[in-house]
>>> print(open('my_file.tsv').read())   # TSV, C-alpha atoms and all ligand atoms
chain	number	residue	atom	x	y	z
A	26	MET	CA	108.49	150.06	154.67
A	27	THR	CA	106.85	146.73	154.01
A	28	GLY	CA	103.11	146.25	153.46
A	29	LEU	CA	103.27	142.64	154.62
A	30	PRO	CA	101.90	141.89	158.10
A	31	PRO	CA	104.59	142.02	160.79
A	32	LEU	CA	106.01	138.71	161.95
A	33	PRO	CA	106.10	138.56	165.73
A	34	GLY	CA	108.43	136.67	167.93
A	35	GLY	CA	111.60	136.33	165.84
A	36	GLU	CA	113.71	137.18	168.90
A	37	ALA	CA	111.94	134.42	170.88
A	38	LEU	CA	113.55	131.81	168.66
A	39	GLY	CA	117.06	132.32	170.01
A	40	GLU	CA	115.77	132.42	173.57
A	41	ALA	CA	113.87	129.16	173.02
A	42	MET	CA	116.97	127.37	171.73
A	43	ALA	CA	119.08	128.74	174.56
A	44	ALA	CA	116.54	127.39	177.06
A	45	ALA	CA	117.38	123.85	175.94
A	46	LEU	CA	121.08	124.24	176.70
A	47	PRO	CA	121.15	124.08	180.54
A	48	GLY	CA	119.71	120.54	180.37
A	49	MET	CA	122.48	119.43	178.03
A	50	PRO	CA	124.36	117.22	177.77
A	51	ASP	CA	121.88	114.55	178.77
A	52	PRO	CA	122.07	111.40	176.66
A	53	ALA	CA	118.51	110.46	177.55
A	54	GLY	CA	117.05	113.98	177.46
A	55	ALA	CA	113.87	114.52	175.46
A	56	GLU	CA	112.13	117.22	177.47
A	57	PHE	CA	111.71	119.67	174.57
A	58	THR	CA	110.84	116.92	172.11
A	59	THR	CA	108.08	115.70	174.42
A	60	ARG	CA	106.72	119.23	174.81
A	61	LEU	CA	106.85	119.80	171.07
A	62	GLU	CA	104.93	116.58	170.45
A	63	HIS	CA	102.27	117.65	172.92
A	64	ASP	CA	101.91	121.06	171.25
A	65	LEU	CA	101.83	119.59	167.72
A	66	ALA	CA	99.07	117.13	168.63
A	67	LYS	CA	97.08	120.01	170.12
A	68	ALA	CA	97.68	122.35	167.16
A	69	PHE	CA	96.64	119.74	164.61
A	70	SER	CA	93.89	118.18	166.81
A	71	THR	CA	95.33	114.67	166.60
A	72	ARG	CA	95.80	112.10	169.32
A	73	ASP	CA	99.55	111.99	168.94
A	74	ALA	CA	102.55	113.53	167.23
A	75	VAL	CA	106.00	111.97	166.93
A	76	ALA	CA	108.93	114.35	166.35
A	77	VAL	CA	111.81	113.04	164.22
A	78	SER	CA	114.98	114.29	162.59
A	79	SER	CA	113.56	115.02	159.10
A	80	GLY	CA	110.57	114.73	156.83
A	81	THR	CA	112.26	111.80	155.10
A	82	THR	CA	112.60	110.04	158.46
A	83	ALA	CA	108.94	110.80	159.21
A	84	LEU	CA	107.95	108.93	156.04
A	85	HIS	CA	110.42	106.13	156.73
A	86	ALA	CA	109.23	105.66	160.32
A	87	ALA	CA	105.52	105.88	159.42
A	88	LEU	CA	105.78	103.40	156.55
A	89	SER	CA	107.79	101.07	158.76
A	90	ALA	CA	105.24	101.48	161.55
A	91	ILE	CA	102.37	100.35	159.31
A	92	GLY	CA	104.44	97.27	158.44
A	93	ILE	CA	105.64	98.07	154.92
A	94	GLY	CA	108.41	95.68	153.90
A	95	PRO	CA	109.66	93.32	151.20
A	96	GLY	CA	106.94	92.01	148.90
A	97	ASP	CA	104.64	95.00	149.47
A	98	GLU	CA	103.74	97.55	146.82
A	99	VAL	CA	103.21	101.20	147.65
A	100	LEU	CA	101.40	103.65	145.37
A	101	LEU	CA	102.76	107.16	145.19
A	102	PRO	CA	102.48	110.00	142.70
A	103	ALA	CA	105.30	110.58	140.23
A	104	LEU	CA	104.54	114.23	140.98
A	105	THR	CA	106.90	114.34	143.93
A	106	VAL	CA	110.46	114.68	145.16
A	107	VAL	CA	112.82	111.72	145.72
A	108	MET	CA	112.42	112.02	149.50
A	109	THR	CA	108.93	110.49	149.27
A	110	ALA	CA	110.17	107.53	147.28
A	111	SER	CA	113.45	106.63	148.99
A	112	PRO	CA	111.93	105.37	152.29
A	113	VAL	CA	109.78	102.87	150.35
A	114	VAL	CA	112.89	101.52	148.63
A	115	LEU	CA	114.89	101.44	151.88
A	116	LEU	CA	112.15	99.32	153.48
A	117	GLY	CA	112.53	96.79	150.67
A	118	ALA	CA	109.06	97.43	149.21
A	119	THR	CA	108.20	98.15	145.58
A	120	LEU	CA	107.35	101.65	144.40
A	121	VAL	CA	104.44	101.99	142.02
A	122	PHE	CA	104.23	105.44	140.48
A	123	VAL	CA	100.82	106.90	139.80
A	124	ASP	CA	100.11	109.75	137.41
A	125	SER	CA	98.39	113.04	138.30
A	126	ASP	CA	95.56	114.90	136.64
A	127	PRO	CA	96.99	117.97	134.85
A	128	ASP	CA	93.80	119.97	135.50
A	129	THR	CA	93.41	119.36	139.25
A	130	HIS	CA	96.95	118.19	140.18
A	131	ASP	CA	95.19	115.46	142.23
A	132	LEU	CA	96.03	111.78	141.75
A	133	ASP	CA	94.86	110.21	138.49
A	134	TYR	CA	92.56	107.70	140.17
A	135	ALA	CA	91.96	105.69	137.00
A	136	ASP	CA	95.71	105.12	136.74
A	137	ALA	CA	95.93	104.34	140.46
A	138	ALA	CA	93.09	101.80	140.23
A	139	ALA	CA	94.75	100.08	137.27
A	140	LYS	CA	97.96	99.68	139.27
A	141	VAL	CA	96.52	98.10	142.42
A	142	THR	CA	97.45	94.43	142.85
A	143	ALA	CA	97.03	91.89	145.62
A	144	ARG	CA	100.37	93.10	147.01
A	145	THR	CA	99.42	96.80	147.25
A	146	LYS	CA	99.46	97.81	150.92
A	147	ALA	CA	99.56	101.58	151.06
A	148	ILE	CA	99.07	104.82	149.17
A	149	VAL	CA	101.19	107.91	149.82
A	150	PRO	CA	99.52	111.07	148.49
A	151	VAL	CA	101.85	114.07	148.29
A	152	HIS	CA	100.51	117.57	148.87
A	153	LEU	CA	103.09	119.22	146.65
A	154	TRP	CA	103.34	123.01	146.94
A	155	GLY	CA	100.92	122.81	149.86
A	156	ARG	CA	98.00	121.88	147.55
A	157	MET	CA	95.78	119.07	148.71
A	158	GLY	CA	93.80	116.53	146.69
A	159	ASP	CA	90.23	115.58	147.52
A	160	PRO	CA	90.37	113.76	150.89
A	161	ALA	CA	86.94	112.08	150.52
A	162	ARG	CA	87.97	110.57	147.19
A	163	LEU	CA	91.28	109.39	148.63
A	164	ARG	CA	89.62	107.81	151.65
A	165	SER	CA	87.05	105.94	149.62
A	166	PHE	CA	89.67	104.78	147.09
A	167	ALA	CA	91.85	103.43	149.90
A	168	ALA	CA	88.99	101.93	151.92
A	169	GLU	CA	87.56	100.04	148.93
A	170	ARG	CA	90.94	98.42	148.34
A	171	GLY	CA	92.08	97.95	151.95
A	172	LEU	CA	95.03	100.34	151.57
A	173	THR	CA	96.59	102.35	154.38
A	174	ILE	CA	97.05	106.07	153.72
A	175	VAL	CA	100.34	107.71	154.75
A	176	GLU	CA	100.38	111.34	153.64
A	177	ASP	CA	103.44	113.23	152.57
A	178	ALA	CA	102.30	116.59	153.93
A	179	ALA	CA	105.87	117.93	154.14
A	180	GLN	CA	104.89	121.18	152.39
A	181	ALA	CA	101.27	121.32	153.50
A	182	MET	CA	101.16	122.38	157.14
A	183	GLY	CA	98.13	124.62	157.50
A	184	THR	CA	96.33	123.41	154.36
A	185	SER	CA	92.92	121.79	154.68
A	186	ARG	CA	90.23	120.67	152.32
A	187	ALA	CA	86.53	120.26	153.10
A	188	GLY	CA	87.53	120.98	156.69
A	189	ILE	CA	90.03	118.08	156.83
A	190	LYS	CA	93.59	119.12	157.67
A	191	ALA	CA	96.46	117.91	155.50
A	192	GLY	CA	98.20	115.18	157.45
A	193	THR	CA	95.03	113.91	159.12
A	194	VAL	CA	93.35	112.12	156.21
A	195	GLY	CA	94.76	108.65	156.85
A	196	ALA	CA	96.73	106.59	159.36
A	197	ALA	CA	99.71	108.96	159.45
A	198	GLY	CA	100.63	112.42	158.18
A	199	CYS	CA	104.32	113.17	157.62
A	200	PHE	CA	105.78	116.68	157.78
A	201	SER	CA	109.18	118.28	157.30
A	202	LEU	CA	110.57	121.08	159.48
A	203	LYS	CA	113.42	121.75	157.07
A	204	ASP	CA	114.31	125.39	156.47
A	205	GLY	CA	112.04	126.66	153.76
A	206	LYS	CA	108.92	125.01	155.12
A	207	ILE	CA	106.43	127.43	156.68
A	208	LEU	CA	106.96	125.83	160.09
A	209	TRP	CA	110.67	125.17	160.41
A	210	SER	CA	113.52	124.26	162.74
A	211	GLY	CA	116.49	124.03	160.38
A	212	GLU	CA	116.14	120.26	160.08
A	213	GLY	CA	113.40	118.09	161.54
A	214	GLY	CA	110.07	116.46	160.92
A	215	PHE	CA	107.04	114.97	162.61
A	216	ILE	CA	104.30	112.42	162.18
A	217	LEU	CA	100.68	113.03	163.10
A	218	ALA	CA	98.92	109.84	164.10
A	219	ASP	CA	95.67	108.89	165.73
A	220	GLY	CA	96.65	105.30	166.42
A	221	SER	CA	98.71	104.76	169.55
A	222	ARG	CA	100.22	101.55	168.16
A	223	LEU	CA	101.46	103.41	165.08
A	224	SER	CA	103.07	106.18	167.14
A	225	ALA	CA	104.68	103.66	169.48
A	226	ALA	CA	106.19	101.84	166.50
A	227	ALA	CA	107.38	105.15	164.99
A	228	ARG	CA	108.99	106.09	168.34
A	229	ALA	CA	110.72	102.72	168.49
A	230	PHE	CA	111.88	103.17	164.89
A	231	ARG	CA	113.43	106.59	165.55
A	232	SER	CA	115.61	105.20	168.33
A	233	HIS	CA	117.01	101.80	167.35
A	234	TRP	CA	113.93	99.93	168.60
A	235	LEU	CA	115.26	100.36	172.16
A	236	GLN	CA	111.76	100.87	173.54
A	237	PRO	CA	109.47	98.62	171.55
A	238	PRO	CA	105.71	99.08	171.13
A	239	PRO	CA	103.62	97.24	173.77
A	240	GLY	CA	104.06	93.50	173.51
A	241	GLY	CA	107.35	93.77	171.64
A	242	ARG	CA	110.92	93.09	172.67
A	243	PRO	CA	113.72	95.68	172.66
A	244	GLN	CA	115.86	95.43	169.55
A	245	GLU	CA	113.88	92.66	167.98
A	246	ARG	CA	114.19	94.83	164.86
A	247	SER	CA	116.97	97.06	163.67
A	248	SER	CA	116.20	100.63	162.79
A	249	LEU	CA	117.87	104.02	162.87
A	250	ASN	CA	118.61	107.10	164.89
A	251	GLY	CA	115.91	109.46	163.68
A	252	ARG	CA	115.62	111.56	166.84
A	253	LEU	CA	115.15	115.33	166.76
A	254	ALA	CA	117.89	117.27	168.58
A	255	GLU	CA	116.62	119.05	171.70
A	256	PRO	CA	117.59	122.62	170.62
A	257	LEU	CA	115.77	122.04	167.34
A	258	ALA	CA	112.71	120.75	169.20
A	259	ALA	CA	112.78	123.96	171.24
A	260	LEU	CA	113.07	126.01	168.05
A	261	ALA	CA	110.19	124.13	166.41
A	262	GLN	CA	108.06	124.67	169.51
A	263	ALA	CA	108.76	128.42	169.45
A	264	ASN	CA	107.92	128.55	165.73
A	265	LEU	CA	104.73	126.61	166.35
A	266	ARG	CA	103.62	129.49	168.58
A	267	ARG	CA	104.23	131.81	165.63
A	268	PHE	CA	102.54	129.42	163.19
A	269	PRO	CA	99.27	131.38	162.70
A	270	ALA	CA	101.35	134.51	161.99
A	271	LEU	CA	103.71	132.57	159.70
A	272	LEU	CA	100.73	131.28	157.72
A	273	GLU	CA	99.17	134.71	157.46
A	274	HIS	CA	102.49	136.15	156.36
A	275	ARG	CA	102.92	133.54	153.60
A	276	ARG	CA	99.35	134.15	152.45
A	277	ALA	CA	100.08	137.88	152.21
A	278	GLN	CA	103.40	137.30	150.41
A	279	THR	CA	101.73	135.05	147.82
A	280	ALA	CA	98.80	137.44	147.35
A	281	HIS	CA	101.21	140.35	146.90
A	282	LEU	CA	103.25	138.52	144.29
A	283	ILE	CA	100.23	137.26	142.38
A	284	ARG	CA	98.81	140.81	142.30
A	285	ALA	CA	102.11	142.16	141.01
A	286	LEU	CA	102.06	139.58	138.20
A	287	GLU	CA	98.55	140.43	136.97
A	288	GLY	CA	98.25	140.88	133.21
A	289	ILE	CA	101.64	139.42	132.29
A	290	ARG	CA	101.55	137.57	128.98
A	291	GLY	CA	101.64	133.79	129.33
A	292	ILE	CA	101.47	133.72	133.15
A	293	THR	CA	98.23	132.77	134.97
A	294	PRO	CA	97.82	132.11	138.70
A	295	LEU	CA	96.66	128.61	139.68
A	296	GLU	CA	93.73	128.84	142.06
A	297	PRO	CA	93.16	126.29	144.84
A	298	ALA	CA	90.06	124.07	144.76
A	299	ALA	CA	86.79	125.69	145.90
A	300	ASP	CA	86.74	123.73	149.18
A	301	GLU	CA	90.48	124.10	149.85
A	302	THR	CA	92.12	126.34	152.45
A	303	TRP	CA	95.59	126.51	150.95
A	304	ASN	CA	98.65	127.43	153.01
A	305	HIS	CA	100.02	129.45	150.02
A	306	TYR	CA	103.32	127.60	150.40
A	307	ALA	CA	104.54	128.51	146.89
A	308	PRO	CA	102.91	131.06	144.58
A	309	LEU	CA	101.79	128.86	141.65
A	310	LEU	CA	101.56	130.08	138.07
A	311	ARG	CA	100.66	128.28	134.88
A	312	VAL	CA	103.12	129.21	132.16
A	313	SER	CA	101.77	129.12	128.62
A	314	LEU	CA	104.91	130.44	126.92
A	315	THR	CA	106.98	128.19	124.65
A	316	ASN	CA	109.57	126.04	126.46
A	317	PRO	CA	108.19	126.77	129.94
A	318	ARG	CA	110.87	124.69	131.67
A	319	LEU	CA	113.59	126.70	129.97
A	320	PHE	CA	111.75	129.85	131.05
A	321	ALA	CA	111.79	128.63	134.68
A	322	GLU	CA	115.53	127.95	134.40
A	323	ARG	CA	116.09	131.43	132.99
A	324	LEU	CA	114.20	132.93	135.94
A	325	ALA	CA	116.33	130.92	138.37
A	326	GLN	CA	119.46	132.27	136.70
A	327	GLN	CA	118.04	135.77	137.10
A	328	GLY	CA	117.59	135.27	140.86
A	329	VAL	CA	113.95	134.09	141.03
A	330	PRO	CA	114.05	130.74	142.88
A	331	ASN	CA	111.52	128.19	141.69
A	332	SER	CA	110.91	124.43	141.80
A	333	THR	CA	111.71	123.40	138.25
A	334	GLY	CA	114.26	126.08	137.39
A	335	SER	CA	116.32	126.09	140.60
A	336	PHE	CA	115.84	122.51	141.81
A	337	ARG	CA	115.32	120.80	138.42
A	338	LEU	CA	112.22	119.08	139.76
A	339	VAL	CA	111.21	116.31	137.33
A	340	PRO	CA	108.67	113.50	137.75
A	341	CYS	CA	110.07	111.02	140.25
A	342	ASP	CA	109.55	108.09	137.88
A	343	THR	CA	112.13	109.62	135.52
A	344	ARG	CA	114.93	109.74	138.12
A	345	PRO	CA	117.71	107.32	137.10
A	346	MET	CA	117.29	105.14	140.19
A	347	PHE	CA	113.57	104.63	139.48
A	348	THR	CA	113.37	104.33	135.69
A	349	SER	CA	112.44	101.02	134.22
A	350	PRO	CA	112.03	100.17	130.51
A	351	ASP	CA	108.75	98.31	131.06
A	352	ARG	CA	107.00	101.26	132.71
A	353	THR	CA	104.93	103.90	130.93
A	354	PRO	CA	106.06	107.37	132.04
A	355	CYS	CA	103.59	109.45	134.02
A	356	ARG	CA	102.82	112.10	131.40
A	357	GLY	CA	100.33	114.10	133.47
A	358	ALA	CA	102.96	114.64	136.16
A	359	ALA	CA	105.51	115.69	133.51
A	360	GLN	CA	103.04	118.15	132.02
A	361	ILE	CA	102.26	119.68	135.42
A	362	LEU	CA	105.93	120.12	136.28
A	363	ASP	CA	106.82	121.53	132.86
A	364	ARG	CA	104.06	124.13	132.92
A	365	THR	CA	103.91	125.14	136.57
A	366	LEU	CA	106.09	127.89	137.89
A	367	ALA	CA	106.24	127.33	141.67
A	368	LEU	CA	108.10	130.17	143.33
A	369	VAL	CA	110.16	129.35	146.39
A	370	LEU	CA	109.59	131.81	149.25
A	371	THR	CA	110.79	132.13	152.81
A	372	GLU	CA	109.45	134.32	155.58
A	373	ARG	CA	112.44	136.61	154.97
A	374	ASP	CA	111.20	137.66	151.50
A	375	SER	CA	110.18	141.30	151.97
A	376	GLU	CA	107.75	143.22	149.80
A	377	ALA	CA	110.74	144.71	147.96
A	378	ALA	CA	112.11	141.21	147.25
A	379	LEU	CA	108.73	140.08	145.94
A	380	ASP	CA	108.47	143.18	143.73
A	381	ARG	CA	111.93	142.36	142.37
A	382	TYR	CA	110.82	138.80	141.53
A	383	ALA	CA	107.71	140.16	139.80
A	384	ALA	CA	109.73	142.68	137.79
A	385	VAL	CA	112.14	139.96	136.60
A	386	ILE	CA	109.26	137.65	135.63
A	387	ALA	CA	107.50	140.48	133.74
A	388	ARG	CA	110.68	141.48	131.91
A	389	GLU	CA	111.62	137.90	130.95
A	390	ALA	CA	108.07	136.98	129.86
A	391	ALA	CA	107.88	140.05	127.62
A	392	ALA	CA	111.20	139.19	126.01
A	393	TRP	CA	110.61	135.41	125.83
A	394	SER	CA	110.78	133.91	122.36
A	395	ALA	CA	112.61	130.63	123.02
A	401	LIG	C1	107.21	116.90	149.44
A	401	LIG	C2	108.38	116.58	150.34
A	401	LIG	N1	108.49	115.34	150.85
A	401	LIG	C3	109.50	115.02	151.68
A	401	LIG	C4	110.45	115.93	152.04
A	401	LIG	C5	111.57	115.49	152.91
A	401	LIG	O1	111.75	116.31	154.03
A	401	LIG	P1	113.23	116.51	154.67
A	401	LIG	O2	114.01	117.36	153.72
A	401	LIG	O3	112.95	117.20	155.96
A	401	LIG	O4	113.80	115.17	154.85
A	401	LIG	C6	110.36	117.24	151.55
A	401	LIG	C7	111.33	118.29	151.96
A	401	LIG	O5	112.27	118.63	151.40
A	401	LIG	C8	109.32	117.57	150.66
A	401	LIG	O6	109.22	118.80	150.15
>>> encode(input="my_file.tsv", output="structure tokens", more="lines below")
Ligand SMILES: Cc1ncc(COP(=O)(O)O)c(C=O)c1O
Amino acid sequence: MTGLPPLPGGEALGEAMAAALPGMPDPAGAEFTTRLEHDLAKAFSTRDAVAVSSGTTALHAALSAIGIGPGDEVLLPALTVVMTASPVVLLGATLVFVDSDPDTHDLDYADAAAKVTARTKAIVPVHLWGRMGDPARLRSFAAERGLTIVEDAAQAMGTSRAGIKAGTVGAAGCFSLKDGKILWSGEGGFILADGSRLSAAARAFRSHWLQPPPGGRPQERSSLNGRLAEPLAALAQANLRRFPALLEHRRAQTAHLIRALEGIRGITPLEPAADETWNHYAPLLRVSLTNPRLFAERLAQQGVPNSTGSFRLVPCDTRPMFTSPDRTPCRGAAQILDRTLALVLTERDSEAALDRYAAVIAREAAAWSA
């Protein structure tokens, strides 16, 4: 018997996907995608939403839509995954990694300011683990320097800060629907945008520039197929109906796990900011044991999935494709990743599974002497 709130509507997911099948095959069909976009815009109170095939494509399409290209520089935190960085490189622009503040996990704005040049066009904040930086600070930093904000909110659906939803701070908010995200469809992504020109350019980008934005010509640019498959759009739409319950469930899972970990030596929960409504994407713990990264790897080996131990998450500026001898490493980002245990949950983690994770963490922390 689980003490977590029940999750309604699981059976509706199969029915929703099946509902897309009678209209297939239809090479031009986008009925479920269009409906999903309508529902997403409503749920996030934005003018428009553009559904795409992944979170990476969402970032690629949004950065392309704001005109990022060769010669431009784009600021992004080193505290992120490669999927945030690759679209910048693929558009021919230059990545400029910015450090993060180890206390707040927000961008290190002094470092960001020092790295702005005449070529800097955009800033891509990343709400890693669903935690959001200060949106007012970000907006004023960007406005003072004429930068466009494109958020990587892939993990942050449902988070807000000072009443501002993640993904609605700047020109575009990019989300992933990959399995493992709170709102999911197996693979997929979407962009929230308030500018109709930006969404039109993102729609053109996701489909080979066949239908250009107003005033443009078909195929005057080359782009990609970044469309979302219709059955996945139907699945995402059905999950969007469950979204409030999915959020509540994740909040309860995280609260349960954090409670079960109370009083364990060297493990302290990381609280969100006072004005933040966090989606509780990943229970976050500061580890003050020796060799915390090794500890995270040990937990992963013992069946407790986590960001650094299971996925070897390291600062993006240290990935081989992005290292450069003339660049100072982002030490704040490295410190955050080394010391933060971010547990990876899915809606399928029952109370018993969470208790098992907690028991393993307690046992390993008590025995840890590495
Ligand atoms: C922070 C972040 N950015 C971007 C992505 C890319 O999303 P996708 O895997 O859907 O391409 C992900 C998801 O894995 C992510 O967690």
>>> atom_distance(input="my_file.tsv", atom1="atom CA of Leu223 of chain A", atom2="atom CA of Leu249 of chain A")
16.6 Å
>>> closest_atom_pairs(input="my_file.tsv", of="chain A", to="ligand LIG 401 (chain A)", cutoff="6 Å", atoms="all atoms listed in the file", output="JSON lines")
{"residue": "A:Ser79", "atom": "CA", "partner": "A:LIG401", "partner_atom": "O3", "distance": 3.9}
{"residue": "A:Gly80", "atom": "CA", "partner": "A:LIG401", "partner_atom": "O1", "distance": 3.4}
{"residue": "A:Thr81", "atom": "CA", "partner": "A:LIG401", "partner_atom": "O4", "distance": 3.7}
{"residue": "A:Val106", "atom": "CA", "partner": "A:LIG401", "partner_atom": "C1", "distance": 5.8}
{"residue": "A:Met108", "atom": "CA", "partner": "A:LIG401", "partner_atom": "C3", "distance": 4.7}
{"residue": "A:Thr109", "atom": "CA", "partner": "A:LIG401", "partner_atom": "N1", "distance": 5.1}
{"residue": "A:Leu153", "atom": "CA", "partner": "A:LIG401", "partner_atom": "C1", "distance": 5.5}
{"residue": "A:Asp177", "atom": "CA", "partner": "A:LIG401", "partner_atom": "N1", "distance": 5.7}
{"residue": "A:Ala179", "atom": "CA", "partner": "A:LIG401", "partner_atom": "C2", "distance": 4.8}
{"residue": "A:Gln180", "atom": "CA", "partner": "A:LIG401", "partner_atom": "O6", "distance": 5.4}
{"residue": "A:Ser201", "atom": "CA", "partner": "A:LIG401", "partner_atom": "O3", "distance": 4.1}
{"residue": "A:Leu202", "atom": "CA", "partner": "A:LIG401", "partner_atom": "O3", "distance": 5.8}
{"residue": "A:Lys203", "atom": "CA", "partner": "A:LIG401", "partner_atom": "O3", "distance": 4.7}
{"residue": "A:Gly213", "atom": "CA", "partner": "A:LIG401", "partner_atom": "O3", "distance": 5.7}
{"residue": "A:Gly214", "atom": "CA", "partner": "A:LIG401", "partner_atom": "O3", "distance": 5.8}
>>> residues_around(input="my_file.tsv", residues="Ala191 of chain A", least_positions_apart="4", cutoff="7 Å", atoms="all atoms listed in the file", output="PyMOL selection string")
chain A and resi 157+178+181-182+184-185
>>> residues_around(input="my_file.tsv", residues="Ala218 of chain A", least_positions_apart="5", cutoff="12 Å", atoms="only C-alpha atoms", output="ChimeraX atom specification")
/A:62,65-67,69-76,83,86-87,90-91,174-176,192-200,223-228
>>> atom_distance(input="my_file.tsv", atom1="atom CA of Ala298 of chain A", atom2="atom CA of Asp128 of chain A")
10.8 Å
>>> residues_around(input="my_file.tsv", residues="Tyr382 of chain A", least_positions_apart="3", cutoff="8 Å", atoms="all atoms listed in the file", output="NGL selection string")
:A and (328-329 or 378-379 or 385-386)
>>> closest_residue(input="my_file.tsv", among="A:Glu376, A:Asp351, A:Glu389, A:Asp64", to="Gly28 of chain A", atoms="all atoms listed in the file")
A:Glu376
>>> atom_distance(input="my_file.tsv", atom1="atom CA of Ala139 of chain A", atom2="atom CA of Ser89 of chain A")
25.2 Å
>>> residues_around(input="my_file.tsv", residues="segment 251-261 of chain A", least_positions_apart="6", cutoff="8 Å", atoms="only C-alpha atoms", output="PyMOL selection string")
chain A and resi 38-39+41-46+54-58+61+76-79+82+202+208-214+230-232
>>> residues_around(input="my_file.tsv", residues="Leu101 of chain A", least_positions_apart="3", cutoff="12 Å", atoms="all atoms listed in the file", output="number ranges by chain")
A: 98, 104-113, 119-125, 131-134, 136-137, 140-141, 145-152, 174-177, 340-342, 355, 358
